[in-house]
$ cat run.pdb   # PDB, C-alpha atoms and all ligand atoms
ATOM      1  CA  VAL A   1       0.000   0.000   0.000  1.00  0.00           C
ATOM      2  CA  THR A   2       1.380   3.371  -1.023  1.00  0.00           C
ATOM      3  CA  SER A   3       1.632   5.898   1.767  1.00  0.00           C
ATOM      4  CA  ILE A   4       1.637   9.607   1.046  1.00  0.00           C
ATOM      5  CA  SER A   5       2.179  12.325   3.614  1.00  0.00           C
ATOM      6  CA  TYR A   6       1.267  15.980   3.190  1.00  0.00           C
ATOM      7  CA  SER A   7       3.191  18.929   4.574  1.00  0.00           C
ATOM      8  CA  ASP A   8       3.284  22.709   4.313  1.00  0.00           C
ATOM      9  CA  THR A   9       7.016  23.323   4.504  1.00  0.00           C
ATOM     10  CA  THR A  10      10.099  22.765   2.349  1.00  0.00           C
ATOM     11  CA  ASP A  11      12.161  21.911   5.441  1.00  0.00           C
ATOM     12  CA  HIS A  12      14.110  18.729   4.690  1.00  0.00           C
ATOM     13  CA  VAL A  13      13.166  18.875   0.979  1.00  0.00           C
ATOM     14  CA  THR A  14      16.161  18.506  -1.362  1.00  0.00           C
ATOM     15  CA  GLU A  15      16.454  19.284  -5.065  1.00  0.00           C
ATOM     16  CA  ALA A  16      16.982  15.561  -5.660  1.00  0.00           C
ATOM     17  CA  GLN A  17      13.477  14.947  -4.253  1.00  0.00           C
ATOM     18  CA  LEU A  18      11.924  17.425  -6.720  1.00  0.00           C
ATOM     19  CA  GLN A  19      12.573  15.602 -10.010  1.00  0.00           C
ATOM     20  CA  GLY A  20      10.050  14.898 -12.741  1.00  0.00           C
ATOM     21  CA  PHE A  21       7.876  18.011 -12.632  1.00  0.00           C
ATOM     22  CA  PHE A  22       6.791  20.440 -15.404  1.00  0.00           C
ATOM     23  CA  SER A  23       6.530  17.473 -17.768  1.00  0.00           C
ATOM     24  CA  HIS A  24       3.845  19.312 -19.769  1.00  0.00           C
ATOM     25  CA  TRP A  25       5.951  22.486 -20.236  1.00  0.00           C
ATOM     26  CA  SER A  26       8.189  23.034 -23.260  1.00  0.00           C
ATOM     27  CA  ASN A  27      10.836  24.927 -21.214  1.00  0.00           C
ATOM     28  CA  ARG A  28      11.068  23.179 -17.867  1.00  0.00           C
ATOM     29  CA  PRO A  29      12.200  24.879 -14.665  1.00  0.00           C
ATOM     30  CA  SER A  30      14.885  22.864 -12.888  1.00  0.00           C
ATOM     31  CA  PRO A  31      14.408  21.273  -9.449  1.00  0.00           C
ATOM     32  CA  ALA A  32      16.402  24.234  -8.061  1.00  0.00           C
ATOM     33  CA  ALA A  33      13.966  26.661  -9.705  1.00  0.00           C
ATOM     34  CA  LEU A  34      11.014  24.688  -8.338  1.00  0.00           C
ATOM     35  CA  LEU A  35      12.493  24.956  -4.854  1.00  0.00           C
ATOM     36  CA  ARG A  36      12.679  28.754  -5.340  1.00  0.00           C
ATOM     37  CA  ILE A  37       9.016  28.766  -6.436  1.00  0.00           C
ATOM     38  CA  LEU A  38       8.003  26.784  -3.358  1.00  0.00           C
ATOM     39  CA  ASN A  39      10.036  28.948  -0.991  1.00  0.00           C
ATOM     40  CA  GLY A  40       8.686  32.155  -2.540  1.00  0.00           C
ATOM     41  CA  SER A  41       5.041  31.147  -2.162  1.00  0.00           C
ATOM     42  CA  ASP A  42       2.803  32.338   0.674  1.00  0.00           C
ATOM     43  CA  HIS A  43       1.167  28.915   1.001  1.00  0.00           C
ATOM     44  CA  LEU A  44       2.138  25.484  -0.179  1.00  0.00           C
ATOM     45  CA  VAL A  45       1.183  21.868   0.266  1.00  0.00           C
ATOM     46  CA  LEU A  46       3.571  19.077  -0.693  1.00  0.00           C
ATOM     47  CA  ALA A  47       2.735  15.407  -1.204  1.00  0.00           C
ATOM     48  CA  ARG A  48       5.594  13.060  -0.334  1.00  0.00           C
ATOM     49  CA  ASP A  49       5.971   9.378  -1.119  1.00  0.00           C
ATOM     50  CA  ASN A  50       6.967   7.913   2.226  1.00  0.00           C
ATOM     51  CA  THR A  51       8.797   5.007   0.587  1.00  0.00           C
ATOM     52  CA  SER A  52      11.274   6.994  -1.532  1.00  0.00           C
ATOM     53  CA  GLY A  53      11.017  10.385   0.194  1.00  0.00           C
ATOM     54  CA  ASP A  54      10.332  11.976  -3.205  1.00  0.00           C
ATOM     55  CA  ILE A  55       7.924  14.861  -3.584  1.00  0.00           C
ATOM     56  CA  VAL A  56       5.256  13.576  -5.993  1.00  0.00           C
ATOM     57  CA  GLY A  57       2.890  16.567  -6.002  1.00  0.00           C
ATOM     58  CA  TYR A  58       2.684  20.186  -4.928  1.00  0.00           C
ATOM     59  CA  ILE A  59       0.344  23.172  -4.942  1.00  0.00           C
ATOM     60  CA  THR A  60       1.182  26.808  -4.219  1.00  0.00           C
ATOM     61  CA  ALA A  61      -0.679  30.060  -3.535  1.00  0.00           C
ATOM     62  CA  ILE A  62       0.315  33.690  -3.373  1.00  0.00           C
ATOM     63  CA  SER A  63      -1.846  35.960  -1.263  1.00  0.00           C
ATOM     64  CA  ASP A  64      -2.211  39.405   0.320  1.00  0.00           C
ATOM     65  CA  GLY A  65      -3.398  37.595   3.447  1.00  0.00           C
ATOM     66  CA  VAL A  66      -6.603  39.625   3.807  1.00  0.00           C
ATOM     67  CA  SER A  67      -8.731  39.487   0.644  1.00  0.00           C
ATOM     68  CA  CYS A  68      -7.380  37.271  -2.091  1.00  0.00           C
ATOM     69  CA  ALA A  69      -5.180  34.414  -3.155  1.00  0.00           C
ATOM     70  CA  TYR A  70      -4.013  33.147  -6.502  1.00  0.00           C
ATOM     71  CA  ILE A  71      -3.078  29.521  -7.151  1.00  0.00           C
ATOM     72  CA  PRO A  72      -0.360  29.519  -9.832  1.00  0.00           C
ATOM     73  CA  HIS A  73       0.908  25.948  -9.567  1.00  0.00           C
ATOM     74  CA  LEU A  74      -0.621  22.525  -9.077  1.00  0.00           C
ATOM     75  CA  GLU A  75       1.083  19.422 -10.364  1.00  0.00           C
ATOM     76  CA  VAL A  76       1.164  15.736  -9.601  1.00  0.00           C
ATOM     77  CA  ARG A  77       4.002  13.749 -11.176  1.00  0.00           C
ATOM     78  CA  PRO A  78       2.652  11.827 -14.187  1.00  0.00           C
ATOM     79  CA  ASP A  79       3.460   8.447 -12.630  1.00  0.00           C
ATOM     80  CA  TRP A  80       1.432   9.394  -9.523  1.00  0.00           C
ATOM     81  CA  GLN A  81      -1.678  10.875 -11.155  1.00  0.00           C
ATOM     82  CA  GLY A  82      -5.170   9.421 -10.822  1.00  0.00           C
ATOM     83  CA  GLN A  83      -4.795   8.383  -7.163  1.00  0.00           C
ATOM     84  CA  GLY A  84      -6.519  11.331  -5.517  1.00  0.00           C
ATOM     85  CA  ILE A  85      -3.315  13.221  -4.686  1.00  0.00           C
ATOM     86  CA  GLY A  86      -4.207  16.307  -6.773  1.00  0.00           C
ATOM     87  CA  SER A  87      -7.660  16.507  -5.191  1.00  0.00           C
ATOM     88  CA  GLU A  88      -6.170  16.237  -1.692  1.00  0.00           C
ATOM     89  CA  LEU A  89      -3.635  18.995  -2.434  1.00  0.00           C
ATOM     90  CA  VAL A  90      -6.449  21.313  -3.597  1.00  0.00           C
ATOM     91  CA  ARG A  91      -8.694  20.463  -0.620  1.00  0.00           C
ATOM     92  CA  ARG A  92      -5.913  21.133   1.879  1.00  0.00           C
ATOM     93  CA  LEU A  93      -4.913  24.439   0.273  1.00  0.00           C
ATOM     94  CA  LEU A  94      -8.521  25.675  -0.067  1.00  0.00           C
ATOM     95  CA  ALA A  95      -9.112  24.882   3.615  1.00  0.00           C
ATOM     96  CA  ARG A  96      -6.200  27.179   4.455  1.00  0.00           C
ATOM     97  CA  LEU A  97      -7.549  29.972   2.206  1.00  0.00           C
ATOM     98  CA  ASN A  98     -11.129  29.662   3.420  1.00  0.00           C
ATOM     99  CA  HIS A  99     -11.132  33.071   5.150  1.00  0.00           C
ATOM    100  CA  LEU A 100     -10.472  34.990   1.910  1.00  0.00           C
ATOM    101  CA  TYR A 101     -12.985  36.561  -0.487  1.00  0.00           C
ATOM    102  CA  MET A 102     -11.270  35.733  -3.818  1.00  0.00           C
ATOM    103  CA  ILE A 103      -9.458  32.508  -4.638  1.00  0.00           C
ATOM    104  CA  ASP A 104      -8.512  32.382  -8.314  1.00  0.00           C
ATOM    105  CA  LEU A 105      -6.615  30.182 -10.721  1.00  0.00           C
ATOM    106  CA  MET A 106      -6.258  29.810 -14.467  1.00  0.00           C
ATOM    107  CA  CYS A 107      -6.634  26.449 -16.187  1.00  0.00           C
ATOM    108  CA  ASP A 108      -7.428  24.825 -19.513  1.00  0.00           C
ATOM    109  CA  PRO A 109     -11.059  23.795 -20.130  1.00  0.00           C
ATOM    110  CA  ASP A 110     -10.252  20.076 -19.829  1.00  0.00           C
ATOM    111  CA  VAL A 111      -9.286  20.515 -16.161  1.00  0.00           C
ATOM    112  CA  GLN A 112     -12.396  22.548 -15.242  1.00  0.00           C
ATOM    113  CA  PRO A 113     -14.441  19.455 -14.205  1.00  0.00           C
ATOM    114  CA  PHE A 114     -11.621  18.503 -11.792  1.00  0.00           C
ATOM    115  CA  TYR A 115     -11.827  21.903 -10.069  1.00  0.00           C
ATOM    116  CA  GLU A 116     -15.650  21.983 -10.207  1.00  0.00           C
ATOM    117  CA  ARG A 117     -15.748  18.757  -8.175  1.00  0.00           C
ATOM    118  CA  LEU A 118     -13.655  20.586  -5.566  1.00  0.00           C
ATOM    119  CA  GLY A 119     -16.094  23.505  -5.290  1.00  0.00           C
ATOM    120  CA  MET A 120     -14.745  26.030  -7.789  1.00  0.00           C
ATOM    121  CA  ARG A 121     -16.632  27.515 -10.720  1.00  0.00           C
ATOM    122  CA  PRO A 122     -15.577  28.673 -14.199  1.00  0.00           C
ATOM    123  CA  SER A 123     -14.850  32.339 -14.840  1.00  0.00           C
ATOM    124  CA  THR A 124     -12.904  34.343 -17.404  1.00  0.00           C
ATOM    125  CA  GLY A 125      -9.558  36.065 -17.151  1.00  0.00           C
ATOM    126  CA  MET A 126      -6.697  37.791 -18.904  1.00  0.00           C
ATOM    127  CA  VAL A 127      -3.030  36.827 -18.806  1.00  0.00           C
ATOM    128  CA  ILE A 128       0.455  37.650 -20.072  1.00  0.00           C
ATOM    129  CA  ARG A 129       2.964  34.862 -20.705  1.00  0.00           C
ATOM    130  CA  ASN A 130       6.615  35.806 -21.296  1.00  0.00           C
ATOM    131  CA  TYR A 131       7.684  32.480 -22.778  1.00  0.00           C
ATOM    132  CA  GLY A 132      11.335  33.477 -22.658  1.00  0.00           C
ATOM    133  CA  ARG A 133      11.014  33.303 -18.866  1.00  0.00           C
ATOM    134  CA  GLN A 134       9.185  29.959 -18.724  1.00  0.00           C
ATOM    135  CA  SER A 135      12.160  27.931 -17.494  1.00  0.00           C
ATOM    136  CA  ILE A 136      12.961  30.728 -14.971  1.00  0.00           C
ATOM    137  CA  GLU A 137      16.779  30.551 -15.260  1.00  0.00           C
TER     138      GLU A 137
HETATM  139  C1  LIG B 201      -4.576  18.069 -12.713  1.00  0.00           C
HETATM  140  C2  LIG B 201      -3.768  17.157 -11.806  1.00  0.00           C
HETATM  141  C3  LIG B 201      -3.048  17.971 -10.748  1.00  0.00           C
HETATM  142  C4  LIG B 201      -4.685  16.153 -11.129  1.00  0.00           C
HETATM  143  O1  LIG B 201      -3.904  15.379 -10.228  1.00  0.00           O
HETATM  144  P1  LIG B 201      -4.338  13.881  -9.851  1.00  0.00           P
HETATM  145  O2  LIG B 201      -3.573  13.468  -8.659  1.00  0.00           O
HETATM  146  O3  LIG B 201      -4.254  13.018 -11.050  1.00  0.00           O
HETATM  147  O4  LIG B 201      -5.875  14.151  -9.474  1.00  0.00           O
HETATM  148  P2  LIG B 201      -6.887  13.171  -8.775  1.00  0.00           P
HETATM  149  O5  LIG B 201      -6.364  11.770  -8.805  1.00  0.00           O
HETATM  150  O6  LIG B 201      -7.258  13.741  -7.460  1.00  0.00           O
HETATM  151  O7  LIG B 201      -8.126  13.340  -9.726  1.00  0.00           O
HETATM  152  C5  LIG B 201      -8.004  12.874 -11.033  1.00  0.00           C
HETATM  153  C6  LIG B 201      -9.233  13.297 -11.771  1.00  0.00           C
HETATM  154  O8  LIG B 201      -9.009  14.552 -12.399  1.00  0.00           O
HETATM  155  C7  LIG B 201      -9.338  14.467 -13.760  1.00  0.00           C
HETATM  156  N1  LIG B 201      -8.298  15.150 -14.544  1.00  0.00           N
HETATM  157  C8  LIG B 201      -7.065  15.474 -14.170  1.00  0.00           C
HETATM  158  N2  LIG B 201      -6.403  16.082 -15.158  1.00  0.00           N
HETATM  159  C9  LIG B 201      -7.234  16.136 -16.197  1.00  0.00           C
HETATM  160  C10 LIG B 201      -7.126  16.638 -17.504  1.00  0.00           C
HETATM  161  N3  LIG B 201      -6.011  17.230 -17.956  1.00  0.00           N
HETATM  162  N4  LIG B 201      -8.178  16.527 -18.299  1.00  0.00           N
HETATM  163  C11 LIG B 201      -9.314  15.940 -17.865  1.00  0.00           C
HETATM  164  N5  LIG B 201      -9.470  15.445 -16.640  1.00  0.00           N
HETATM  165  C12 LIG B 201      -8.441  15.555 -15.800  1.00  0.00           C
HETATM  166  C13 LIG B 201      -9.356  13.027 -14.123  1.00  0.00           C
HETATM  167  O9  LIG B 201     -10.474  12.811 -14.950  1.00  0.00           O
HETATM  168  C14 LIG B 201      -9.522  12.283 -12.828  1.00  0.00           C
HETATM  169  O10 LIG B 201     -10.832  11.887 -12.668  1.00  0.00           O
HETATM  170  P3  LIG B 201     -11.140  10.324 -12.436  1.00  0.00           P
HETATM  171  O11 LIG B 201     -10.424   9.964 -11.181  1.00  0.00           O
HETATM  172  O12 LIG B 201     -12.612  10.312 -12.339  1.00  0.00           O
HETATM  173  O13 LIG B 201     -10.573   9.660 -13.650  1.00  0.00           O
HETATM  174  C15 LIG B 201      -2.727  16.327 -12.619  1.00  0.00           C
HETATM  175  O14 LIG B 201      -3.406  15.661 -13.660  1.00  0.00           O
HETATM  176  C16 LIG B 201      -1.607  17.141 -13.202  1.00  0.00           C
HETATM  177  O15 LIG B 201      -0.615  17.388 -12.542  1.00  0.00           O
HETATM  178  N6  LIG B 201      -1.723  17.538 -14.480  1.00  0.00           N
HETATM  179  C17 LIG B 201      -0.694  18.272 -15.173  1.00  0.00           C
HETATM  180  C18 LIG B 201      -0.544  19.664 -14.634  1.00  0.00           C
HETATM  181  C19 LIG B 201      -1.846  20.428 -14.633  1.00  0.00           C
HETATM  182  O16 LIG B 201      -2.639  20.368 -15.560  1.00  0.00           O
HETATM  183  N7  LIG B 201      -2.056  21.142 -13.538  1.00  0.00           N
HETATM  184  C20 LIG B 201      -3.200  21.993 -13.373  1.00  0.00           C
HETATM  185  C21 LIG B 201      -2.812  23.354 -13.845  1.00  0.00           C
HETATM  186  S1  LIG B 201      -4.156  24.482 -13.642  1.00  0.00           S
END
$ encode --input "run.pdb" --output "structure tokens"
Amino acid sequence: VTSISYSDTTDHVTEAQLQGFFSHWSNRPSPAALLRILNGSDHLVLARDNTSGDIVGYITAISDGVSCAYIPHLEVRPDWQGQGIGSELVRRLLARLNHLYMIDLMCDPDVQPFYERLGMRPSTGMVIRNYGRQSIE
């Protein structure tokens, strides 16, 4: 039986435990860049495989702490998807953001049913993407 533990800190998380993410991006941030993303976020939840110690999923939020939060990153490693880990990451983060008025994220239409099951609803938005900065470094 696979055992996953969830935590809200990068303490004791190494770059070596952050492999295999951004698989759907053309210019992938490195594990070091992912660690910077995690450490720069106001909120995070990590999912760790207790057998290997690897981080297999993460979600982050940035927030002003009083009115709003934005969820820029949610990812479960491809080999760990479909086991409820993504849903648990969202549930745990939303519970922490419950006191805020606005909780927003952007996603493709195919993922909207996933977020709808977790209590969110579709909206519209506007974005800028500087693709030259996608890999961060
Ligand atoms: C979206 C994501 C985080 C879900 O993680 P997960 O651990 O597989 O999620 P769960 O196991 O809790 O739930 C899986 C459900 O979400 C649905 N789902 C997930 N990604 C989907 C997608 N791209 N298109 C359609 N449905 C999707 C599946 O249908 C599945 O439902 P099922 O169990 O009834 O088959 C994961 O697929 C992922 O990391 N995708 C790539 C990155 C991404 O798209 N992140 C979201 C950016 S906004």
$ resolve_selection --input "run.pdb" --expression "the PyMOL selection byres (((chain A and resi 50-59) around 9) and not hetatm)" --output "PyMOL selection string"
chain A and resi 2-5+13-14+16-21+38+43-49+60-61+71-81+85-86+89-90+93
$ closest_atom_pairs --input "run.pdb" --of "region 5-82 of chain A" --to "region 94-106 of chain A" --cutoff "6 Å" --atoms "all atoms listed in the file" --output "CSV"
residue,atom,partner,partner_atom,distance
A:Ser67,CA,A:Leu100,CA,5.0
A:Cys68,CA,A:Met102,CA,4.5
A:Ala69,CA,A:Ile103,CA,4.9
A:Tyr70,CA,A:Asp104,CA,4.9
A:Ile71,CA,A:Leu105,CA,5.1
$ axis_aligned_box --input "run.pdb" --around "ligand LIG 201 (chain B)" --padding-each-side "3 Å" --output "JSON"
{"center_x": -6.6, "center_y": 17.1, "center_z": -12.9, "size_x": 18.1, "size_y": 20.8, "size_z": 16.8}
$ atom_distance --input "run.pdb" --atom1 "CA of His24 (chain A)" --atom2 "atom N7 of ligand LIG 201 (chain B)"
8.8 Å
$ closest_residue --input "run.pdb" --among "A:Phe114, A:Tyr131, A:Trp25, A:Tyr6" --to "ligand LIG 201 (chain B)" --atoms "all atoms listed in the file"
A:Phe114
$ closest_residue --input "run.pdb" --among "A:Pro31, A:Gly40, A:Gly82, A:Gly65" --to "ligand LIG 201 (chain B)" --atoms "all atoms listed in the file"
A:Gly82
$ closest_residue --input "run.pdb" --among "A:Thr9, A:Asp110, A:Ile62, A:Phe22" --to "ligand LIG 201 (chain B)" --atoms "only C-alpha atoms and all ligand atoms"
A:Asp110
$ build_atoms --input "run.pdb" --residues "region 92-103 of chain A" --atoms "all heavy atoms" --output "PDB file, in the coordinates of the input"
ATOM      1  N   ARG A  92      -6.695  20.622   0.746  1.00  0.00           N
ATOM      2  CA  ARG A  92      -5.913  21.133   1.879  1.00  0.00           C
ATOM      3  C   ARG A  92      -5.576  22.614   1.713  1.00  0.00           C
ATOM      4  O   ARG A  92      -5.624  23.381   2.677  1.00  0.00           O
ATOM      5  CB  ARG A  92      -4.625  20.316   2.048  1.00  0.00           C
ATOM      6  CG  ARG A  92      -4.892  18.958   2.668  1.00  0.00           C
ATOM      7  CD  ARG A  92      -3.642  18.093   2.675  1.00  0.00           C
ATOM      8  NE  ARG A  92      -3.931  16.785   3.238  1.00  0.00           N
ATOM      9  CZ  ARG A  92      -3.598  16.400   4.474  1.00  0.00           C
ATOM     10  NH1 ARG A  92      -2.907  17.210   5.259  1.00  0.00           N
ATOM     11  NH2 ARG A  92      -3.915  15.207   4.914  1.00  0.00           N
ATOM     12  N   LEU A  93      -5.244  23.025   0.484  1.00  0.00           N
ATOM     13  CA  LEU A  93      -4.913  24.439   0.273  1.00  0.00           C
ATOM     14  C   LEU A  93      -6.168  25.307   0.429  1.00  0.00           C
ATOM     15  O   LEU A  93      -6.127  26.353   1.093  1.00  0.00           O
ATOM     16  CB  LEU A  93      -4.291  24.643  -1.113  1.00  0.00           C
ATOM     17  CG  LEU A  93      -3.819  26.077  -1.376  1.00  0.00           C
ATOM     18  CD1 LEU A  93      -2.645  26.444  -0.468  1.00  0.00           C
ATOM     19  CD2 LEU A  93      -3.435  26.270  -2.839  1.00  0.00           C
ATOM     20  N   LEU A  94      -7.295  24.880  -0.172  1.00  0.00           N
ATOM     21  CA  LEU A  94      -8.521  25.675  -0.067  1.00  0.00           C
ATOM     22  C   LEU A  94      -8.958  25.818   1.387  1.00  0.00           C
ATOM     23  O   LEU A  94      -9.472  26.867   1.790  1.00  0.00           O
ATOM     24  CB  LEU A  94      -9.651  25.052  -0.904  1.00  0.00           C
ATOM     25  CG  LEU A  94      -9.483  25.140  -2.423  1.00  0.00           C
ATOM     26  CD1 LEU A  94     -10.687  24.514  -3.130  1.00  0.00           C
ATOM     27  CD2 LEU A  94      -9.292  26.585  -2.887  1.00  0.00           C
ATOM     28  N   ALA A  95      -8.754  24.790   2.192  1.00  0.00           N
ATOM     29  CA  ALA A  95      -9.112  24.882   3.615  1.00  0.00           C
ATOM     30  C   ALA A  95      -8.309  25.987   4.292  1.00  0.00           C
ATOM     31  O   ALA A  95      -8.812  26.710   5.158  1.00  0.00           O
ATOM     32  CB  ALA A  95      -8.877  23.539   4.305  1.00  0.00           C
ATOM     33  N   ARG A  96      -7.058  26.144   3.868  1.00  0.00           N
ATOM     34  CA  ARG A  96      -6.200  27.179   4.455  1.00  0.00           C
ATOM     35  C   ARG A  96      -6.569  28.581   3.977  1.00  0.00           C
ATOM     36  O   ARG A  96      -6.237  29.570   4.632  1.00  0.00           O
ATOM     37  CB  ARG A  96      -4.741  26.889   4.098  1.00  0.00           C
ATOM     38  CG  ARG A  96      -4.257  25.545   4.631  1.00  0.00           C
ATOM     39  CD  ARG A  96      -3.253  25.736   5.719  1.00  0.00           C
ATOM     40  NE  ARG A  96      -2.138  26.519   5.234  1.00  0.00           N
ATOM     41  CZ  ARG A  96      -1.127  26.031   4.532  1.00  0.00           C
ATOM     42  NH1 ARG A  96      -1.082  24.745   4.267  1.00  0.00           N
ATOM     43  NH2 ARG A  96      -0.164  26.808   4.136  1.00  0.00           N
ATOM     44  N   LEU A  97      -7.229  28.671   2.810  1.00  0.00           N
ATOM     45  CA  LEU A  97      -7.549  29.972   2.206  1.00  0.00           C
ATOM     46  C   LEU A  97      -9.002  30.357   2.426  1.00  0.00           C
ATOM     47  O   LEU A  97      -9.488  31.359   1.891  1.00  0.00           O
ATOM     48  CB  LEU A  97      -7.253  29.931   0.697  1.00  0.00           C
ATOM     49  CG  LEU A  97      -5.820  29.567   0.313  1.00  0.00           C
ATOM     50  CD1 LEU A  97      -5.686  29.457  -1.202  1.00  0.00           C
ATOM     51  CD2 LEU A  97      -4.832  30.586   0.872  1.00  0.00           C
ATOM     52  N   ASN A  98      -9.694  29.568   3.205  1.00  0.00           N
ATOM     53  CA  ASN A  98     -11.129  29.662   3.420  1.00  0.00           C
ATOM     54  C   ASN A  98     -11.613  31.030   3.881  1.00  0.00           C
ATOM     55  O   ASN A  98     -12.750  31.421   3.625  1.00  0.00           O
ATOM     56  CB  ASN A  98     -11.472  28.625   4.509  1.00  0.00           C
ATOM     57  CG  ASN A  98     -12.873  28.134   4.391  1.00  0.00           C
ATOM     58  OD1 ASN A  98     -13.518  28.373   3.384  1.00  0.00           O
ATOM     59  ND2 ASN A  98     -13.336  27.457   5.421  1.00  0.00           N
ATOM     60  N   HIS A  99     -10.739  31.785   4.562  1.00  0.00           N
ATOM     61  CA  HIS A  99     -11.132  33.071   5.150  1.00  0.00           C
ATOM     62  C   HIS A  99     -11.094  34.204   4.130  1.00  0.00           C
ATOM     63  O   HIS A  99     -11.449  35.326   4.458  1.00  0.00           O
ATOM     64  CB  HIS A  99     -10.186  33.401   6.307  1.00  0.00           C
ATOM     65  CG  HIS A  99      -8.742  33.534   5.890  1.00  0.00           C
ATOM     66  ND1 HIS A  99      -8.011  32.460   5.410  1.00  0.00           N
ATOM     67  CD2 HIS A  99      -7.911  34.595   5.858  1.00  0.00           C
ATOM     68  CE1 HIS A  99      -6.788  32.867   5.110  1.00  0.00           C
ATOM     69  NE2 HIS A  99      -6.707  34.160   5.373  1.00  0.00           N
ATOM     70  N   LEU A 100     -10.656  33.929   2.910  1.00  0.00           N
ATOM     71  CA  LEU A 100     -10.472  34.990   1.910  1.00  0.00           C
ATOM     72  C   LEU A 100     -11.686  35.119   0.994  1.00  0.00           C
ATOM     73  O   LEU A 100     -12.428  34.157   0.785  1.00  0.00           O
ATOM     74  CB  LEU A 100      -9.228  34.699   1.078  1.00  0.00           C
ATOM     75  CG  LEU A 100      -7.920  34.641   1.886  1.00  0.00           C
ATOM     76  CD1 LEU A 100      -6.785  34.147   1.009  1.00  0.00           C
ATOM     77  CD2 LEU A 100      -7.605  36.003   2.492  1.00  0.00           C
ATOM     78  N   TYR A 101     -11.867  36.310   0.428  1.00  0.00           N
ATOM     79  CA  TYR A 101     -12.985  36.561  -0.487  1.00  0.00           C
ATOM     80  C   TYR A 101     -12.738  35.929  -1.856  1.00  0.00           C
ATOM     81  O   TYR A 101     -13.587  35.226  -2.392  1.00  0.00           O
ATOM     82  CB  TYR A 101     -13.182  38.074  -0.639  1.00  0.00           C
ATOM     83  CG  TYR A 101     -14.112  38.455  -1.767  1.00  0.00           C
ATOM     84  CD1 TYR A 101     -15.425  37.977  -1.788  1.00  0.00           C
ATOM     85  CD2 TYR A 101     -13.674  39.282  -2.800  1.00  0.00           C
ATOM     86  CE1 TYR A 101     -16.285  38.323  -2.822  1.00  0.00           C
ATOM     87  CE2 TYR A 101     -14.527  39.619  -3.837  1.00  0.00           C
ATOM     88  CZ  TYR A 101     -15.832  39.144  -3.850  1.00  0.00           C
ATOM     89  OH  TYR A 101     -16.662  39.469  -4.875  1.00  0.00           O
ATOM     90  N   MET A 102     -11.558  36.176  -2.447  1.00  0.00           N
ATOM     91  CA  MET A 102     -11.270  35.733  -3.818  1.00  0.00           C
ATOM     92  C   MET A 102     -10.189  34.664  -3.814  1.00  0.00           C
ATOM     93  O   MET A 102      -9.104  34.879  -3.268  1.00  0.00           O
ATOM     94  CB  MET A 102     -10.761  36.904  -4.672  1.00  0.00           C
ATOM     95  CG  MET A 102     -11.786  37.946  -4.993  1.00  0.00           C
ATOM     96  SD  MET A 102     -11.095  39.139  -6.174  1.00  0.00           S
ATOM     97  CE  MET A 102     -10.049  40.118  -5.108  1.00  0.00           C
ATOM     98  N   ILE A 103     -10.475  33.545  -4.430  1.00  0.00           N
ATOM     99  CA  ILE A 103      -9.458  32.508  -4.638  1.00  0.00           C
ATOM    100  C   ILE A 103      -9.530  32.134  -6.120  1.00  0.00           C
ATOM    101  O   ILE A 103     -10.528  31.577  -6.572  1.00  0.00           O
ATOM    102  CB  ILE A 103      -9.712  31.281  -3.747  1.00  0.00           C
ATOM    103  CG1 ILE A 103      -9.768  31.699  -2.271  1.00  0.00           C
ATOM    104  CG2 ILE A 103      -8.626  30.229  -3.973  1.00  0.00           C
ATOM    105  CD1 ILE A 103     -10.340  30.640  -1.355  1.00  0.00           C
TER     106      ILE A 103
END
